[in-house]
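Okay, my_file23.txt is below, compact mmCIF, C-alpha atoms and all ligand atoms:
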```txt
# COMPACT_ATOMS: atom_id res chain seq x y z
CA MET A 18 113.58 80.04 97.19
CA ARG A 19 111.03 82.61 96.09
CA ILE A 20 110.07 85.35 98.54
CA ALA A 21 107.12 87.62 97.73
CA ILE A 22 106.76 90.98 99.42
CA PHE A 23 103.41 92.74 99.23
CA GLY A 24 103.92 96.48 99.90
CA VAL A 25 107.58 97.34 99.43
CA GLY A 26 107.70 100.37 101.74
CA LEU A 27 109.83 101.10 104.79
CA ILE A 28 109.43 97.64 106.35
CA GLY A 29 108.78 95.56 103.19
CA GLY A 30 111.72 97.25 101.44
CA SER A 31 114.02 96.69 104.42
CA LEU A 32 113.09 92.99 104.47
CA ALA A 33 113.59 92.72 100.71
CA LEU A 34 117.08 94.20 101.04
CA CYS A 35 117.94 91.57 103.67
CA PHE A 36 116.89 88.67 101.40
CA LYS A 37 117.99 89.99 98.01
CA GLY A 38 121.27 88.64 96.72
CA LYS A 39 121.31 85.61 99.03
CA PRO A 40 122.24 82.46 97.04
CA GLY A 41 119.22 80.87 95.38
CA VAL A 42 116.79 83.54 96.56
CA HIS A 43 114.49 85.48 94.23
CA VAL A 44 112.63 88.41 95.77
CA VAL A 45 109.46 89.56 94.01
CA GLY A 46 107.74 92.78 95.03
CA HIS A 47 104.05 93.51 94.63
CA SER A 48 102.29 96.84 94.45
CA ILE A 49 98.90 97.90 93.19
CA ASN A 50 100.61 100.67 91.16
CA ARG A 51 102.77 100.09 88.11
CA SER A 52 104.90 103.18 88.86
CA SER A 53 105.73 101.69 92.28
CA THR A 54 106.76 98.31 90.87
CA GLU A 55 109.04 100.09 88.40
CA LYS A 56 110.56 102.06 91.28
CA TYR A 57 111.20 98.93 93.39
CA VAL A 58 113.19 97.35 90.55
CA ALA A 59 114.97 100.56 89.55
CA ARG A 60 116.15 101.04 93.15
CA GLY A 61 117.45 97.46 93.22
CA VAL A 62 115.35 96.55 96.25
CA VAL A 63 113.74 93.49 94.59
CA ASP A 64 114.71 91.12 91.75
CA SER A 65 111.37 91.58 90.00
CA ALA A 66 108.05 93.27 90.65
CA THR A 67 104.48 92.92 89.52
CA THR A 68 101.03 94.42 89.99
CA SER A 69 99.50 90.95 89.75
CA LEU A 70 98.73 89.31 93.07
CA GLU A 71 98.56 85.87 91.43
CA GLU A 72 101.91 86.30 89.70
CA ALA A 73 103.63 87.48 92.90
CA ALA A 74 102.22 84.64 95.00
CA LEU A 75 102.78 81.92 92.39
CA ASP A 76 105.35 79.41 93.64
CA ALA A 77 106.30 81.61 96.58
CA ASP A 78 107.82 79.77 99.54
CA LEU A 79 107.40 82.77 101.76
CA ILE A 80 104.99 85.69 101.53
CA PHE A 81 105.40 88.88 103.57
CA LEU A 82 102.39 91.17 103.87
CA CYS A 83 103.84 94.64 104.50
CA VAL A 84 100.79 96.81 103.74
CA PRO A 85 98.88 99.00 106.22
CA VAL A 86 97.19 97.03 109.02
CA GLY A 87 93.72 97.88 107.65
CA ARG A 88 94.50 96.00 104.41
CA LEU A 89 96.00 92.83 105.90
CA GLU A 90 92.83 90.75 106.18
CA GLU A 91 91.79 91.33 102.58
CA TYR A 92 95.26 90.18 101.43
CA VAL A 93 94.97 87.02 103.55
CA ASP A 94 91.52 86.44 102.01
CA ALA A 95 92.81 86.95 98.46
CA LEU A 96 95.75 84.61 99.04
CA SER A 97 93.46 81.96 100.51
CA ARG A 98 91.67 81.81 97.13
CA LEU A 99 94.90 81.19 95.18
CA PRO A 100 96.64 77.86 94.51
CA LEU A 101 99.66 78.54 96.75
CA LYS A 102 102.77 76.38 96.81
CA ARG A 103 102.41 73.55 99.33
CA GLY A 104 104.00 74.52 102.68
CA CYS A 105 104.08 78.22 101.79
CA ILE A 106 104.41 80.46 104.85
CA ILE A 107 102.43 83.69 104.84
CA THR A 108 103.49 86.21 107.44
CA ASP A 109 102.80 89.89 108.01
CA VAL A 110 104.64 92.76 109.67
CA GLY A 111 101.61 94.65 110.99
CA SER A 112 101.95 96.59 114.23
CA THR A 113 98.90 94.84 115.70
CA LYS A 114 98.51 91.11 115.78
CA ALA A 115 95.25 89.93 117.37
CA SER A 116 92.85 90.73 114.53
CA VAL A 117 94.89 89.42 111.60
CA VAL A 118 95.94 86.26 113.49
CA ARG A 119 92.31 85.57 114.47
CA HIS A 120 91.19 86.16 110.89
CA ALA A 121 93.79 83.84 109.33
CA ASP A 122 93.10 81.16 111.93
CA LYS A 123 89.37 81.22 111.15
CA LEU A 124 90.02 81.09 107.43
CA GLY A 125 92.05 77.86 107.63
CA LEU A 126 94.47 78.10 104.70
CA GLN A 127 94.89 74.99 102.53
CA GLY A 128 98.47 73.67 102.57
CA ALA A 129 99.83 77.08 103.62
CA TYR A 130 100.53 78.49 107.06
CA PHE A 131 99.94 81.97 108.46
CA ILE A 132 102.28 83.18 111.20
CA GLY A 133 101.79 86.71 112.54
CA GLY A 134 104.94 88.82 112.75
CA HIS A 135 105.98 92.25 113.93
CA PRO A 136 109.50 93.64 113.73
CA MET A 137 109.96 96.08 116.60
CA ALA A 138 111.90 98.54 114.52
CA GLY A 139 110.91 101.36 112.29
CA SER A 140 111.02 105.07 111.90
CA GLU A 141 108.79 108.04 111.30
CA ARG A 142 109.75 107.84 107.62
CA SER A 143 107.88 105.75 105.10
CA GLY A 144 108.09 104.39 101.58
CA VAL A 145 110.72 102.33 99.80
CA GLU A 146 113.01 105.37 99.83
CA ALA A 147 113.35 104.95 103.60
CA ALA A 148 114.11 101.21 103.47
CA SER A 149 117.44 100.10 104.89
CA LEU A 150 119.38 96.86 105.00
CA HIS A 151 120.18 97.55 108.64
CA LEU A 152 116.76 98.60 109.91
CA LEU A 153 115.94 95.36 111.70
CA GLU A 154 119.44 94.52 112.93
CA ASN A 155 119.40 93.67 116.65
CA ALA A 156 115.75 94.69 116.94
CA TYR A 157 113.24 92.29 118.47
CA TYR A 158 111.04 90.55 115.90
CA VAL A 159 107.84 89.20 117.45
CA LEU A 160 106.20 86.07 115.98
CA THR A 161 102.73 85.09 117.17
CA PRO A 162 102.03 81.47 116.17
CA THR A 163 98.82 79.93 117.52
CA GLU A 164 98.30 76.46 118.94
CA ASN A 165 97.43 75.36 115.39
CA THR A 166 100.77 76.44 113.92
CA PRO A 167 103.20 73.53 113.49
CA ALA A 168 106.46 74.21 115.38
CA GLU A 169 108.36 73.14 112.27
CA GLN A 170 106.91 76.09 110.30
CA VAL A 171 107.77 78.53 113.07
CA ASN A 172 111.35 77.22 113.09
CA LYS A 173 111.50 77.57 109.31
CA LEU A 174 110.40 81.21 109.44
CA GLU A 175 112.73 81.93 112.35
CA GLY A 176 115.61 80.48 110.32
CA LEU A 177 114.79 82.66 107.31
CA LEU A 178 114.58 85.76 109.47
CA LYS A 179 118.22 85.24 110.47
CA CYS A 180 119.09 87.31 107.36
CA THR A 181 117.57 90.36 109.07
CA ARG A 182 119.82 89.92 112.12
CA ALA A 183 116.79 90.64 114.28
CA ARG A 184 116.12 88.66 117.47
CA VAL A 185 112.97 86.58 117.27
CA VAL A 186 110.62 86.54 120.26
CA ILE A 187 107.50 84.36 120.43
CA ALA A 188 104.43 85.97 122.01
CA ASP A 189 100.70 85.61 122.24
CA ALA A 190 98.94 87.94 119.77
CA VAL A 191 96.54 89.46 122.33
CA GLN A 192 99.31 90.03 124.84
CA HIS A 193 101.41 91.56 122.04
CA ASP A 194 98.70 94.15 121.37
CA ASP A 195 98.39 95.06 125.07
CA ILE A 196 102.12 95.58 125.45
CA VAL A 197 102.86 97.21 122.09
CA GLY A 198 99.80 99.43 122.59
CA ALA A 199 101.47 100.77 125.74
CA ILE A 200 105.06 101.10 124.56
CA SER A 201 104.49 102.14 120.93
CA HIS A 202 100.92 103.14 120.08
CA LEU A 203 100.27 105.29 123.17
CA PRO A 204 103.54 107.23 122.73
CA HIS A 205 102.53 107.98 119.12
CA MET A 206 99.15 109.32 120.27
CA ILE A 207 100.75 111.42 122.99
CA ALA A 208 103.35 112.86 120.59
CA VAL A 209 100.65 113.84 118.10
CA ALA A 210 98.39 115.37 120.75
CA LEU A 211 101.31 117.33 122.17
CA VAL A 212 102.41 118.68 118.78
CA ASN A 213 98.84 119.69 117.93
CA GLN A 214 98.43 121.39 121.33
CA ILE A 215 101.58 123.48 120.76
CA ALA A 216 100.65 124.14 117.11
CA GLY A 217 97.41 125.66 118.44
CA TYR A 218 99.33 128.05 120.75
CA ASN A 219 101.74 128.84 117.94
CA GLU A 220 98.92 130.22 115.80
CA SER A 221 98.81 133.32 117.99
CA ASN A 222 102.55 133.53 118.68
CA ASP A 223 105.19 131.91 116.48
CA LEU A 224 107.78 132.10 119.28
CA TYR A 225 106.45 128.68 120.36
CA MET A 226 107.87 127.11 117.26
CA ARG A 227 111.04 129.15 117.26
CA LEU A 228 111.91 128.30 120.86
CA ALA A 229 111.02 124.61 120.60
CA ALA A 230 114.34 122.91 121.35
CA GLY A 231 115.74 119.48 122.29
CA GLY A 232 113.02 118.35 124.70
CA PHE A 233 110.17 119.02 122.29
CA ARG A 234 112.02 117.47 119.36
CA ASP A 235 113.02 114.37 121.35
CA ILE A 236 109.50 113.55 122.49
CA THR A 237 107.75 114.43 119.21
CA ARG A 238 109.86 112.78 116.44
CA ILE A 239 107.27 110.05 116.02
CA ALA A 240 104.48 112.60 115.51
CA SER A 241 105.75 112.84 111.90
CA SER A 242 104.80 109.19 111.23
CA ASP A 243 102.57 108.21 108.33
CA PRO A 244 98.89 109.14 108.96
CA VAL A 245 97.33 106.14 107.16
CA ILE A 246 99.65 103.59 108.74
CA TRP A 247 98.83 105.00 112.19
CA ARG A 248 95.11 105.44 111.59
CA ASP A 249 94.94 101.72 110.86
CA ILE A 250 97.11 100.71 113.83
CA LEU A 251 95.09 102.72 116.36
CA LEU A 252 91.71 101.59 115.02
CA SER A 253 92.85 97.98 114.99
CA ASN A 254 93.96 98.24 118.64
CA ARG A 255 90.99 100.42 119.62
CA GLU A 256 89.89 98.61 122.81
CA VAL A 257 93.41 98.50 124.20
CA MET A 258 93.99 102.16 123.32
CA LEU A 259 90.82 103.32 125.05
CA LYS A 260 92.00 101.76 128.32
CA LEU A 261 95.51 103.17 127.90
CA VAL A 262 94.21 106.69 127.19
CA SER A 263 92.10 106.51 130.30
CA ASP A 264 95.15 105.45 132.38
CA TRP A 265 97.10 108.30 130.78
CA GLN A 266 94.41 110.80 131.74
CA GLU A 267 94.71 109.56 135.33
CA ARG A 268 98.46 110.18 135.21
CA MET A 269 97.87 113.73 133.98
CA ASP A 270 95.23 114.26 136.69
CA ARG A 271 97.84 113.24 139.24
CA PHE A 272 100.19 115.92 137.91
CA SER A 273 97.34 118.48 138.10
CA ASP A 274 96.75 117.52 141.76
CA LEU A 275 100.43 117.82 142.61
CA LEU A 276 100.57 121.26 140.99
CA ARG A 277 97.37 122.42 142.66
CA GLN A 278 98.70 121.29 146.03
CA GLU A 279 102.13 122.79 145.27
CA ASP A 280 103.53 119.39 146.21
CA GLY A 281 107.18 119.76 145.14
CA ASP A 282 108.22 116.49 146.80
CA GLY A 283 105.49 114.65 144.90
CA ILE A 284 106.61 116.15 141.59
CA ALA A 285 110.26 115.31 142.27
CA GLU A 286 109.22 111.77 143.22
CA GLU A 287 107.44 111.33 139.86
CA PHE A 288 110.66 112.29 138.05
CA ARG A 289 112.79 110.09 140.34
CA THR A 290 110.59 107.04 139.75
CA ALA A 291 110.49 107.63 135.98
CA GLY A 292 114.27 108.18 135.78
CA LEU A 293 114.93 104.96 137.64
CA PHE A 294 112.71 102.88 135.35
CA ARG A 295 114.09 104.54 132.23
CA SER A 296 117.69 103.93 133.29
CA GLN A 297 116.90 100.22 133.37
CA LEU A 298 115.68 100.10 129.77
CA PRO A 299 117.68 97.59 127.72
CA GLU A 300 120.73 99.06 126.08
CA ARG A 301 119.76 101.18 123.10
CA ARG A 302 119.63 98.89 120.10
CA LYS A 303 119.78 99.73 116.49
CA GLY A 304 116.31 99.63 115.07
CA MET A 305 115.77 103.08 113.78
CA ILE A 306 117.21 104.73 110.75
CA THR A 307 117.38 108.10 112.36
CA SER A 308 118.61 107.47 115.86
CA LEU A 309 121.21 104.74 115.60
CA PHE A 310 123.76 104.64 118.44
CA GLU A 311 124.21 107.98 120.08
CA CYS A 312 126.11 109.74 122.82
CA TYR A 313 126.27 113.32 124.06
CA VAL A 314 129.48 115.23 124.68
CA ASP A 315 129.74 118.41 126.74
CA VAL A 316 132.02 120.72 124.82
CA PRO A 317 133.65 123.94 125.98
CA ASP A 318 132.87 127.03 123.90
CA HIS A 319 136.23 127.07 122.05
CA PRO A 320 136.56 127.83 118.36
CA GLY A 321 137.41 124.71 116.38
CA ILE A 322 136.38 122.25 119.10
CA ILE A 323 133.94 120.38 116.86
CA GLY A 324 136.55 119.92 114.15
CA LYS A 325 138.99 118.69 116.80
CA ILE A 326 136.57 116.00 118.04
CA ALA A 327 135.69 114.89 114.50
CA THR A 328 139.39 114.68 113.60
CA GLU A 329 140.21 112.66 116.73
CA LEU A 330 137.48 110.16 115.83
CA GLY A 331 138.66 110.07 112.21
CA HIS A 332 142.26 109.35 113.21
CA ALA A 333 141.03 106.43 115.32
CA LYS A 334 139.05 105.19 112.27
CA ILE A 335 135.76 105.54 114.12
CA ASN A 336 132.89 106.06 111.67
CA LEU A 337 130.70 108.95 112.67
CA SER A 338 127.31 108.89 110.93
CA ASN A 339 126.05 112.23 112.22
CA LEU A 340 127.11 115.10 114.39
CA GLN A 341 124.73 117.70 115.73
CA ILE A 342 125.16 120.69 118.02
CA ILE A 343 122.11 120.62 120.19
CA GLU A 344 123.00 123.46 122.48
CA SER A 345 125.53 126.22 121.99
CA ARG A 346 125.44 129.56 123.70
CA GLU A 347 128.17 132.10 124.18
CA ASP A 348 130.42 131.33 127.19
CA VAL A 349 128.32 128.32 128.11
CA PRO A 350 129.43 124.74 127.35
CA GLY A 351 127.53 123.26 124.43
CA ILE A 352 126.32 119.72 123.84
CA LEU A 353 127.25 117.66 120.80
CA ARG A 354 125.16 114.70 119.76
CA LEU A 355 127.29 112.05 118.01
CA SER A 356 125.60 109.23 116.10
CA PHE A 357 127.20 105.99 114.94
CA ARG A 358 125.99 103.08 112.85
CA GLN A 359 127.71 100.43 114.94
CA ALA A 360 127.57 99.88 118.71
CA GLU A 361 131.29 99.18 118.59
CA ASP A 362 132.00 102.66 117.14
CA LEU A 363 129.95 104.22 119.92
CA ASP A 364 131.88 102.26 122.57
CA ARG A 365 135.25 103.18 121.06
CA ALA A 366 134.30 106.85 120.68
CA THR A 367 133.11 107.01 124.29
CA ALA A 368 136.36 105.49 125.56
CA LEU A 369 138.52 107.74 123.35
CA LEU A 370 136.75 110.99 124.18
CA THR A 371 136.58 110.18 127.90
CA SER A 372 140.33 109.48 127.96
CA SER A 373 140.85 112.85 126.22
CA GLY A 374 139.06 114.54 129.11
CA TYR A 375 135.59 115.10 127.59
CA ASP A 376 132.41 114.51 129.55
CA VAL A 377 130.49 111.88 127.56
CA HIS A 378 127.01 110.73 128.49
CA MET A 379 124.31 108.56 126.88
N1 LIG A 401 106.68 102.33 110.32
C1 LIG A 401 107.10 101.57 111.30
O1 LIG A 401 107.87 102.04 112.13
C2 LIG A 401 106.63 100.15 111.38
C3 LIG A 401 107.35 99.27 112.18
C4 LIG A 401 106.96 97.92 112.24
C5 LIG A 401 105.84 97.51 111.52
N2 LIG A 401 105.16 98.41 110.77
C6 LIG A 401 104.01 97.89 110.00
O2 LIG A 401 104.50 97.63 108.70
C7 LIG A 401 103.47 97.81 107.73
C8 LIG A 401 103.97 98.73 106.64
O3 LIG A 401 104.35 99.95 107.23
P1 LIG A 401 105.51 100.84 106.62
O4 LIG A 401 105.97 101.73 107.71
O5 LIG A 401 106.48 100.02 105.87
O6 LIG A 401 104.66 101.74 105.63
P2 LIG A 401 105.04 102.30 104.19
O7 LIG A 401 104.04 103.36 103.90
O8 LIG A 401 106.48 102.62 104.10
O9 LIG A 401 104.76 101.04 103.26
C9 LIG A 401 103.46 100.57 103.04
C10 LIG A 401 103.40 99.82 101.72
O10 LIG A 401 102.07 99.40 101.51
C11 LIG A 401 101.59 99.88 100.26
N3 LIG A 401 100.18 100.25 100.39
C12 LIG A 401 99.67 101.34 100.99
N4 LIG A 401 98.34 101.34 100.92
C13 LIG A 401 97.99 100.22 100.27
C14 LIG A 401 96.76 99.66 99.87
N5 LIG A 401 95.62 100.26 100.14
N6 LIG A 401 96.79 98.49 99.22
C15 LIG A 401 97.96 97.88 98.95
N7 LIG A 401 99.16 98.38 99.27
C16 LIG A 401 99.17 99.53 99.92
C17 LIG A 401 102.45 101.07 99.93
O11 LIG A 401 102.54 101.27 98.55
C18 LIG A 401 103.79 100.67 100.54
O12 LIG A 401 104.53 99.89 99.64
C19 LIG A 401 102.25 98.32 108.50
O13 LIG A 401 101.36 97.28 108.69
C20 LIG A 401 102.83 98.82 109.81
O14 LIG A 401 101.91 98.70 110.86
C21 LIG A 401 105.53 99.70 110.66
O1 LIG A 402 111.07 104.49 115.89
C1 LIG A 402 110.02 104.77 115.38
O2 LIG A 402 109.87 105.77 114.71
C2 LIG A 402 108.89 103.87 115.50
O3 LIG A 402 107.83 104.38 115.45
C3 LIG A 402 109.10 102.43 115.60
C4 LIG A 402 107.97 101.66 116.24
C5 LIG A 402 107.92 102.02 117.73
O4 LIG A 402 106.98 102.64 118.18
O5 LIG A 402 108.87 101.66 118.43
C6 LIG A 402 106.70 101.99 115.58
C7 LIG A 402 105.83 101.08 115.14
C8 LIG A 402 106.17 99.71 115.06
O6 LIG A 402 105.16 98.88 114.87
C9 LIG A 402 107.37 99.31 115.69
C10 LIG A 402 108.26 100.23 116.08
```
Let me see whether you can do it: turn the structure in this file into structure tokens.
Ligand SMILES: NC(=O)c1ccc[n+]([C@@H]2O[C@H](COP(=O)([O-])OP(=O)(O)OC[C@H]3O[C@@H](n4cnc5c(N)ncnc54)[C@H](O)[C@@H]3O)[C@@H](O)[C@H]2O)c1
Ligand SMILES: O=C(O)C(=O)C[C@]1(C(=O)O)C=C[C@@H](O)C=C1
Amino acid sequence: MRIAIFGVGLIGGSLALCFKGKPGVHVVGHSINRSSTEKYVARGVVDSATTSLEEAALDADLIFLCVPVGRLEEYVDALSRLPLKRGCIITDVGSTKASVVRHADKLGLQGAYFIGGHPMAGSERSGVEAASLHLLENAYYVLTPTENTPAEQVNKLEGLLKCTRARVVIADAVQHDDIVGAISHLPHMIAVALVNQIAGYNESNDLYMRLAAGGFRDITRIASSDPVIWRDILLSNREVMLKLVSDWQERMDRFSDLLRQEDGDGIAEEFRTAGLFRSQLPERRKGMITSLFECYVDVPDHPGIIGKIATELGHAKINLSNLQIIESREDVPGILRLSFRQAEDLDRATALLTSSGYDVHM
């Protein structure tokens, strides 16, 4: 089986790593730059790489388009002009689905099938350097076949995606964009607006930046995402975003009213409602390179306490992937953030530390 990946960056590279080395599979990477193709091979992410679109697509059974959303349609067009292998499946990983699915449907590929795709995993990092074999593990992977897509082809793609260990979900492309606009694209816009607002204040007083602690970091991680990738996503989902921004402004207006009216009960109610909904979110799944499985441990301000916790975990053969002190002040208990690569390690660490008398929370 020959799998071609156009754009071997964070997502394309992570997919390539999932397929590479499987028996009978050859993964070919495509980039418009020779230096990039050399890098893909040197890093061992693909079996071969080329700058030629024709060469990459030739005889491919499966083609993944992993370029910015704004480039997807021209790739579908270019592929439609090539003599593709009969039964070839072309899929993409773009964060919006309606426009590319509509475009491919209109085009009517000869002997090949287009099935829109979107793995709901990622990170604020980009490029092949950020690719990971585990990125998509346990994440939802949305496929958006249309009524013209044969079920057999969808099943074939679903079967191939098993290598990623993601969970496939079938959705309508337009509905996908409404929902993902709300739970992914809007948060990115809010994070960026918030960072830029604070950066403005910081120009006259750098204490803003120096005091920015856990809360600011937690809500703004995604503001460091790639500008071109996100420009394309937001423009492609423009209509949906305009409605969502307007709803967001209404939410902010509500907060302004509550503040103006000094309505403490109303403010507390907003937090209560939000906390309740958030506590019902599905269990945190792996799907991000940076966050993985995490828990927080309240630690007393004793010298050597961090070493003691790390040693306890080590003795129990629990693999810690990161450890961060997020709050530590004299005479006040601190908070340790522990990150693990496996859910099982998180569960075992929680049980162990709780039985040793530590307060562990998620
Ligand atoms: N970053 C995420 O969290 C995330 C998650 C799911 C899906 N996606 C989608 O995956 C796709 C790729 O995003 P990524 O995060 O892997 O980005 P990336 O920047 O890591 O990779 C993009 C790849 O496309 C190539 N590329 C960039 N501009 C190009 C152009 N003009 N022509 C041809 N190739 C070009 C780059 O060389 C790179 O290999 C996007 O469509 C994005 O919407 C991103
Ligand atoms: O975790 C992140 O950094 C992401 O931005 C991942 C995220 C998301 O918003 O959840 C971003 C874009 C994708 O299309 C899918 C996933």
Using all atoms listed in the file, pick whichever of A:Tyr225, A:Phe233, A:Tyr157, A:Trp247 has the shortest atom-to-atom distance to ligand LIG 401 (chain A).
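Smallest separation from ligand LIG 401 (chain A) among the options: A:Trp247.
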Neighbour list for range 175-178 of chain A as a PyMOL selection string, cut-off 12 Å, all atoms listed in the file, skip fewer than 6 positions in-chain:
chain A and resi 18-20+32-33+35-36+39+42+78-81+106+108+132-136+153-162+168-169+184-187
Within 6 Å of ligand LIG 402 (chain A) (all atoms listed in the file), residues as a compact mmCIF listing (two decimals) with C-alpha atoms, in the coordinates of the input:
```txt
# COMPACT_ATOMS: atom_id res chain seq x y z
CA SER A 112 101.95 96.59 114.23
CA MET A 137 109.96 96.08 116.60
CA ALA A 138 111.90 98.54 114.52
CA GLY A 139 110.91 101.36 112.29
CA SER A 140 111.02 105.07 111.90
CA GLU A 141 108.79 108.04 111.30
CA SER A 201 104.49 102.14 120.93
CA ILE A 239 107.27 110.05 116.02
CA MET A 305 115.77 103.08 113.78
```
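For the choices A:Val63, A:Ala129, A:Ala148, A:Leu224, the atom-to-atom distance to ligand LIG 401 (chain A) is smallest for A:Ala148 when using all atoms listed in the file.
Among A:Leu152, A:Cys83, A:Val257, A:Val93, the residue with the shortest atom-to-atom distance to ligand LIG 401 (chain A), counting all atoms listed in the file, is A:Cys83.
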I'd like the interatomic distance between CA of Met379 in chain A and CA of Ile196 in chain A, to a tenth of an Å.
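For CA of Met379 in chain A relative to CA of Ile196 in chain A, the distance reads 25.7 Å.
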9 Å shell around ligand LIG 401 (chain A) using all atoms listed in the file, listed as JSON, numbers by chain:
{"A": [23, 24, 25, 26, 27, 28, 29, 30, 31, 47, 48, 49, 50, 53, 82, 83, 84, 85, 86, 87, 88, 89, 92, 109, 110, 111, 112, 113, 134, 135, 136, 137, 138, 139, 140, 141, 142, 143, 144, 145, 146, 147, 148, 239, 242, 243, 245, 246, 247, 249, 250, 305]}
How many Å separate CA of Ile236 in chain A from CA of Ala210 in chain A?
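Going from CA of Ile236 in chain A over to CA of Ala210 in chain A covers 11.4 Å.
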Using all atoms listed in the file, which residue out of A:Val209, A:Ala240, A:Leu203, A:Leu228 lies closest to Leu261 in chain A?
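Between A:Val209, A:Ala240, A:Leu203, A:Leu228, the residue approaching Leu261 in chain A most closely is A:Leu203.
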Could you list, as a ChimeraX atom specification, every residue within 9 Å of Ile284 in chain A, counting all atoms listed in the file and ignoring same-chain residues fewer than 5 positions away?
/A:272,275-276,279,289
Using only C-alpha atoms for the distances, tell me which of A:Val316, A:Leu369, A:Ile22, A:Leu355 is nearest to Lys334 in chain A.
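With only C-alpha atoms as the atom set, the closest residue is A:Leu369.
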Between A:Leu211, A:Val58, A:Ile200, A:Leu363, which has the minimum distance to Leu298 in chain A (counting only C-alpha atoms)?
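Going through A:Leu211, A:Val58, A:Ile200, A:Leu363 one by one, the smallest distance to Leu298 in chain A is for A:Ile200.
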Go ahead and compute the interatomic distance for CA of Val44 in chain A and CA of Leu75 in chain A, in Å to one decimal.
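Going from CA of Val44 in chain A over to CA of Leu75 in chain A, I get 12.3 Å.
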